[in-house]
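S.K.: Next up, query38.tsv (TSV, C-alpha atoms and all ligand atoms).
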```
chain	number	residue	atom	x	y	z
A	1	MET	CA	-36.08	2.99	133.84
A	2	LEU	CA	-35.70	2.62	130.08
A	3	ILE	CA	-35.83	-1.01	128.96
A	4	ALA	CA	-34.95	-2.22	125.46
A	5	VAL	CA	-36.59	-5.48	124.38
A	6	ILE	CA	-34.88	-7.25	121.48
A	7	SER	CA	-35.75	-10.54	119.79
A	8	ASP	CA	-34.99	-12.79	116.83
A	9	ILE	CA	-31.44	-11.68	116.10
A	10	HIS	CA	-30.85	-14.84	114.05
A	11	GLY	CA	-27.10	-14.56	113.72
A	12	ASN	CA	-27.27	-11.13	112.06
A	13	LEU	CA	-24.27	-9.42	113.64
A	14	GLN	CA	-24.50	-6.19	111.63
A	15	ALA	CA	-28.13	-5.66	112.69
A	16	LEU	CA	-27.37	-6.48	116.33
A	17	GLN	CA	-24.39	-4.10	116.47
A	18	GLU	CA	-26.50	-1.22	115.10
A	19	VAL	CA	-29.31	-2.01	117.55
A	20	LEU	CA	-26.89	-2.06	120.51
A	21	ARG	CA	-25.44	1.25	119.33
A	22	LYS	CA	-28.95	2.74	119.19
A	23	ILE	CA	-29.82	1.36	122.65
A	24	GLU	CA	-26.71	3.03	124.05
A	25	GLU	CA	-27.59	6.31	122.33
A	26	LEU	CA	-31.13	6.15	123.78
A	27	LYS	CA	-29.58	5.49	127.20
A	28	ALA	CA	-31.65	2.38	127.93
A	29	GLU	CA	-30.16	0.82	131.06
A	30	THR	CA	-31.61	-2.66	130.70
A	31	ILE	CA	-31.88	-5.04	127.75
A	32	TYR	CA	-34.08	-8.13	127.57
A	33	CYS	CA	-33.62	-10.61	124.73
A	34	LEU	CA	-36.58	-12.84	123.81
A	35	GLY	CA	-34.56	-15.52	122.04
A	36	ASP	CA	-33.68	-16.88	118.59
A	37	THR	CA	-30.24	-15.39	118.86
A	38	VAL	CA	-29.06	-18.01	116.34
A	39	GLY	CA	-30.50	-19.64	113.20
A	40	TYR	CA	-30.71	-18.33	109.59
A	41	GLY	CA	-27.77	-15.93	109.94
A	42	PRO	CA	-24.00	-16.31	109.50
A	43	PHE	CA	-22.72	-15.05	112.90
A	44	PRO	CA	-24.25	-17.23	115.64
A	45	ASN	CA	-21.24	-17.19	118.00
A	46	GLU	CA	-20.68	-13.44	117.71
A	47	CYS	CA	-24.37	-12.77	118.42
A	48	VAL	CA	-24.48	-15.13	121.42
A	49	ASP	CA	-21.34	-13.45	122.81
A	50	LEU	CA	-22.86	-9.97	122.49
A	51	VAL	CA	-26.20	-11.01	123.97
A	52	ARG	CA	-24.48	-12.66	126.93
A	53	LYS	CA	-22.45	-9.53	127.50
A	54	HIS	CA	-25.20	-6.91	127.15
A	55	CYS	CA	-28.56	-8.45	128.08
A	56	ASN	CA	-29.95	-8.70	131.60
A	57	VAL	CA	-32.38	-11.48	130.65
A	58	VAL	CA	-32.05	-13.87	127.70
A	59	LEU	CA	-34.74	-16.39	126.72
A	60	LYS	CA	-34.57	-19.51	124.58
A	61	GLY	CA	-36.18	-19.38	121.13
A	62	ASN	CA	-37.14	-22.30	118.90
A	63	HIS	CA	-33.99	-21.95	116.76
A	64	ASP	CA	-31.78	-21.87	119.87
A	65	SER	CA	-33.62	-24.98	121.05
A	66	GLY	CA	-33.31	-26.66	117.62
A	67	LEU	CA	-29.59	-25.96	117.47
A	68	VAL	CA	-28.91	-27.68	120.80
A	69	GLY	CA	-31.15	-30.62	119.90
A	70	ASP	CA	-34.07	-29.92	122.26
A	71	THR	CA	-36.58	-29.24	119.45
A	72	PRO	CA	-36.72	-31.74	116.55
A	73	LEU	CA	-35.67	-30.43	113.14
A	74	ASP	CA	-39.01	-31.54	111.56
A	75	ASP	CA	-40.49	-28.49	113.26
A	76	PHE	CA	-38.54	-26.14	110.94
A	77	ASN	CA	-38.84	-25.22	107.25
A	78	HIS	CA	-35.94	-26.37	105.09
A	79	TYR	CA	-34.16	-23.00	105.22
A	80	GLY	CA	-34.29	-23.22	109.00
A	81	VAL	CA	-32.98	-26.78	108.95
A	82	SER	CA	-30.05	-25.89	106.61
A	83	ALA	CA	-29.10	-22.98	108.84
A	84	ILE	CA	-29.33	-25.01	112.05
A	85	GLN	CA	-27.22	-27.79	110.52
A	86	TRP	CA	-24.63	-25.25	109.39
A	87	SER	CA	-24.71	-23.51	112.80
A	88	ARG	CA	-24.02	-26.81	114.55
A	89	THR	CA	-20.68	-26.98	112.72
A	90	VAL	CA	-19.57	-23.55	113.95
A	91	VAL	CA	-21.18	-22.82	117.32
A	92	THR	CA	-18.79	-23.45	120.21
A	93	LYS	CA	-19.57	-26.01	122.91
A	94	GLU	CA	-19.65	-23.21	125.48
A	95	ASN	CA	-22.29	-21.31	123.51
A	96	CYS	CA	-24.34	-24.49	122.94
A	97	ASP	CA	-24.28	-25.19	126.69
A	98	TYR	CA	-25.33	-21.60	127.34
A	99	LEU	CA	-28.27	-21.77	124.88
A	100	HIS	CA	-29.36	-25.05	126.44
A	101	THR	CA	-29.67	-23.48	129.89
A	102	LEU	CA	-31.85	-20.51	128.83
A	103	PRO	CA	-35.43	-20.26	130.18
A	104	PHE	CA	-38.60	-20.14	128.04
A	105	THR	CA	-40.13	-17.26	130.00
A	106	ALA	CA	-39.14	-14.67	132.59
A	107	GLU	CA	-40.88	-12.05	134.66
A	108	PRO	CA	-38.39	-9.29	135.39
A	109	ASN	CA	-39.54	-5.88	136.66
A	110	GLY	CA	-43.24	-6.73	136.53
A	111	LEU	CA	-43.11	-7.61	132.81
A	112	THR	CA	-43.80	-11.01	131.26
A	113	LEU	CA	-41.36	-12.15	128.58
A	114	ALA	CA	-41.79	-15.14	126.24
A	115	HIS	CA	-40.35	-16.02	122.82
A	116	SER	CA	-43.51	-17.43	121.22
A	117	SER	CA	-46.44	-17.18	123.64
A	118	PRO	CA	-46.99	-16.96	127.40
A	119	MET	CA	-49.59	-19.75	127.29
A	120	ARG	CA	-47.44	-22.55	125.90
A	121	PRO	CA	-43.95	-21.09	125.63
A	122	ASP	CA	-42.24	-24.39	124.84
A	123	ALA	CA	-44.73	-25.38	122.09
A	124	TRP	CA	-43.55	-22.52	119.81
A	125	SER	CA	-47.06	-21.68	118.62
A	126	TYR	CA	-47.57	-18.44	116.69
A	127	ILE	CA	-50.01	-15.77	117.85
A	128	LEU	CA	-51.51	-14.95	114.47
A	129	THR	CA	-55.20	-14.46	115.22
A	130	MET	CA	-57.16	-12.28	117.63
A	131	ARG	CA	-58.53	-15.42	119.20
A	132	ALA	CA	-55.05	-16.75	119.93
A	133	ALA	CA	-54.10	-13.36	121.36
A	134	GLN	CA	-57.17	-13.23	123.61
A	135	GLU	CA	-56.50	-16.73	124.96
A	136	ASN	CA	-52.99	-15.67	125.86
A	137	PHE	CA	-54.09	-12.78	128.06
A	138	SER	CA	-55.19	-15.28	130.70
A	139	ALA	CA	-51.72	-16.85	130.67
A	140	PHE	CA	-49.93	-13.87	132.22
A	141	ASN	CA	-50.64	-11.71	135.26
A	142	THR	CA	-48.64	-8.60	134.47
A	143	THR	CA	-49.91	-5.56	132.56
A	144	LEU	CA	-47.58	-6.20	129.62
A	145	CYS	CA	-46.29	-9.31	127.93
A	146	PHE	CA	-43.50	-9.01	125.35
A	147	ILE	CA	-43.09	-11.64	122.64
A	148	GLY	CA	-41.23	-12.20	119.36
A	149	HIS	CA	-41.23	-15.29	117.08
A	150	THR	CA	-43.36	-14.01	114.13
A	151	HIS	CA	-40.82	-11.25	113.28
A	152	VAL	CA	-43.79	-8.90	112.76
A	153	PRO	CA	-44.20	-6.09	115.29
A	154	ILE	CA	-47.71	-5.65	116.64
A	155	ILE	CA	-49.42	-4.32	119.77
A	156	ILE	CA	-52.66	-6.05	120.80
A	157	SER	CA	-54.71	-4.75	123.70
A	158	GLU	CA	-56.84	-6.93	125.94
A	159	GLU	CA	-59.89	-5.14	124.49
A	160	GLY	CA	-58.84	-6.23	121.00
A	161	SER	CA	-57.46	-3.02	119.49
A	162	ILE	CA	-54.40	-3.22	117.29
A	163	ASN	CA	-51.42	-0.87	117.40
A	164	LYS	CA	-53.16	1.61	119.70
A	165	TYR	CA	-50.97	1.58	122.76
A	166	LYS	CA	-52.29	3.12	125.97
A	167	ALA	CA	-49.95	3.25	128.97
A	168	GLY	CA	-51.34	1.29	131.90
A	169	ALA	CA	-53.65	-0.96	129.83
A	170	ARG	CA	-52.92	-4.65	129.29
A	171	HIS	CA	-51.14	-5.44	126.04
A	172	LEU	CA	-49.42	-8.25	124.26
A	173	ILE	CA	-46.53	-6.63	122.43
A	174	ASN	CA	-44.52	-8.23	119.65
A	175	VAL	CA	-41.26	-6.29	119.36
A	176	GLY	CA	-40.44	-7.53	115.84
A	177	SER	CA	-37.07	-8.89	114.80
A	178	VAL	CA	-33.55	-7.48	114.99
A	179	GLY	CA	-32.02	-9.75	112.38
A	180	GLN	CA	-34.77	-10.87	110.01
A	181	PRO	CA	-37.74	-8.44	109.92
A	182	ARG	CA	-40.77	-9.77	108.05
A	183	ASP	CA	-43.11	-6.79	108.00
A	184	GLY	CA	-41.88	-5.44	104.67
A	185	ASN	CA	-39.42	-3.05	106.33
A	186	PRO	CA	-35.82	-4.30	106.18
A	187	ASP	CA	-34.67	-2.13	109.12
A	188	ALA	CA	-33.88	-3.91	112.41
A	189	ALA	CA	-36.68	-3.61	114.98
A	190	PHE	CA	-36.82	-3.58	118.77
A	191	GLY	CA	-39.08	-2.31	121.54
A	192	LEU	CA	-38.38	0.48	124.03
A	193	PHE	CA	-40.36	0.58	127.27
A	194	ASP	CA	-40.16	3.29	129.91
A	195	SER	CA	-41.17	1.70	133.21
A	196	SER	CA	-41.58	5.08	134.93
A	197	THR	CA	-44.11	6.53	132.44
A	198	GLY	CA	-45.46	3.28	130.96
A	199	ASP	CA	-44.67	4.56	127.45
A	200	TYR	CA	-43.77	2.10	124.71
A	201	SER	CA	-42.35	2.65	121.23
A	202	LEU	CA	-41.03	0.54	118.41
A	203	ILE	CA	-37.60	1.60	117.18
A	204	ARG	CA	-36.25	0.87	113.68
A	205	VAL	CA	-32.56	0.97	112.83
A	206	GLN	CA	-30.86	0.76	109.45
A	207	TYR	CA	-27.89	-1.54	109.09
A	208	GLU	CA	-25.66	-2.78	106.28
A	209	VAL	CA	-27.88	-5.52	104.84
A	210	GLN	CA	-25.35	-6.04	102.03
A	211	LYS	CA	-22.68	-7.09	104.53
A	212	THR	CA	-24.88	-9.71	106.20
A	213	ALA	CA	-26.11	-10.98	102.81
A	214	ARG	CA	-22.52	-11.41	101.63
A	215	ALA	CA	-21.62	-13.38	104.77
A	216	ILE	CA	-24.70	-15.61	104.27
A	217	ARG	CA	-23.49	-16.42	100.74
A	218	ASP	CA	-19.88	-16.91	101.87
A	219	ALA	CA	-21.07	-19.40	104.51
A	220	GLY	CA	-22.88	-21.38	101.81
A	221	LEU	CA	-26.28	-20.78	103.43
A	222	PRO	CA	-29.37	-20.68	101.14
A	223	GLU	CA	-29.53	-17.62	98.84
A	224	PHE	CA	-33.12	-16.98	99.93
A	225	LEU	CA	-31.88	-16.17	103.44
A	226	ALA	CA	-29.77	-13.36	101.96
A	227	GLN	CA	-32.47	-12.09	99.57
A	228	ARG	CA	-35.24	-11.81	102.14
A	229	LEU	CA	-33.21	-9.38	104.26
A	230	PHE	CA	-33.34	-6.73	101.50
A	231	GLN	CA	-37.13	-6.85	101.37
A	232	GLY	CA	-37.78	-7.45	105.04
A	233	THR	CA	-39.86	-10.53	104.31
B	301	ZN	ZN	-37.27	-16.18	114.92
```
Taking this structure as input, can you express it in the form of structure tokens?
M.R.:
Amino acid sequence: MLIAVISDIHGNLQALQEVLRKIEELKAETIYCLGDTVGYGPFPNECVDLVRKHCNVVLKGNHDSGLVGDTPLDDFNHYGVSAIQWSRTVVTKENCDYLHTLPFTAEPNGLTLAHSSPMRPDAWSYILTMRAAQENFSAFNTTLCFIGHTHVPIIISEEGSINKYKAGARHLINVGSVGQPRDGNPDAAFGLFDSSTGDYSLIRVQYEVQKTARAIRDAGLPEFLAQRLFQGT
């Protein structure tokens, strides 16, 4: 079975639509979403609606949690806070209730899913060092654990190799971000896993950055949130 793993959409409807189109073209039957469907971007309701419609599992990210008031706003940088405050004025009660009910982790099909880390999924810590990665291997029992949160795609093996994927070996895989990539490549990112062969690949998809940037400006969100999309930073 082909499984698409998407994360960190951040209200970027144009990026999400292109990613869903690509997933359909690749004939992936299942989609898992690792959270942060809202925050930063100008289309939170539209993105929540699409995720609800298309994804088989949806997790809660820190921005989803911040929006519904479960994570204090001091935990966010000021761009994050501005966007959450703006989102609160537009997101429907139904979508807020939905985001509130989402789980922090899931284990569908023998895969572990978490937004930030499998070890402390509700603490929103970032896996930025090898040491942090190694500690997290003891926090899941499956061969693979998929995460998001840093917006930087990376594959870390239990042995400590980076970006050298080997089917069947244990890995922590960050699938990157659909709506706000930060690895210097502005194209939307998501992961594609084939559960029958164990193969994994990172897929990149171009979308109309200009359109999202214009909507960010029209919504009165910080200019930086528009600018960073062009650079993928
Ligand atoms: Zn995020």
S.K.: Dump the neighbourhood of ligand ZN 301 (chain B) as a PyMOL selection string: all residues within 12 Å, distances computed on all atoms listed in the file.
M.R.: chain A and resi 6-12+33-41+60-66+76-77+80+115-116+124-126+147-152+174-182
S.K.: List as a Markdown table every residue of segment 90-190 of chain A that is in contact with segment 19-27 of chain A, defined as an atom at most 9 Å from one of its atoms (using only C-alpha atoms), together with the nearest atom pair and the distance in Å rounded to one decimal, sorted by chain and then rising number.
M.R.:
```
| residue | atom | partner | partner_atom | distance |
| --- | --- | --- | --- | --- |
| A:Val178 | CA | A:Val19 | CA | 7.4 |
| A:Ala188 | CA | A:Val19 | CA | 7.1 |
| A:Ala189 | CA | A:Val19 | CA | 8.0 |
| A:Phe190 | CA | A:Val19 | CA | 7.8 |
```
S.K.: Do you know which residues lie at most 8 Å from (-28.4, -5.5, 111.6), with coordinates as in the file and all atoms listed in the file counted, and could you write them as a ChimeraX atom specification?
M.R.: /A:12-19,178-179,187-188,205-209,212
S.K.: Per residue of segment 90-187 of chain A within 9 Å of segment 47-51 of chain A, what are the shortest atom pair and its distance in Å to one decimal, counting only C-alpha atoms, with rows by chain and residue number, as a Markdown table?
M.R.:
```
| residue | atom | partner | partner_atom | distance |
| --- | --- | --- | --- | --- |
| A:Asn95 | CA | A:Val48 | CA | 6.9 |
| A:Tyr98 | CA | A:Val48 | CA | 8.8 |
| A:Leu99 | CA | A:Val48 | CA | 8.4 |
```
S.K.: Segment 168-170 of chain A: which residues within 9 Å, counting all atoms listed in the file, same-chain residues fewer than 6 positions away excluded, as a ChimeraX atom specification?
M.R.: /A:137,142-145,156-159,197-199
S.K.: So what do you get for atom CA of Asp183 of chain A versus atom CA of Pro44 of chain A, distance-wise?
M.R.: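 Pair atom CA of Asp183 of chain A / atom CA of Pro44 of chain A returns 22.9 Å.
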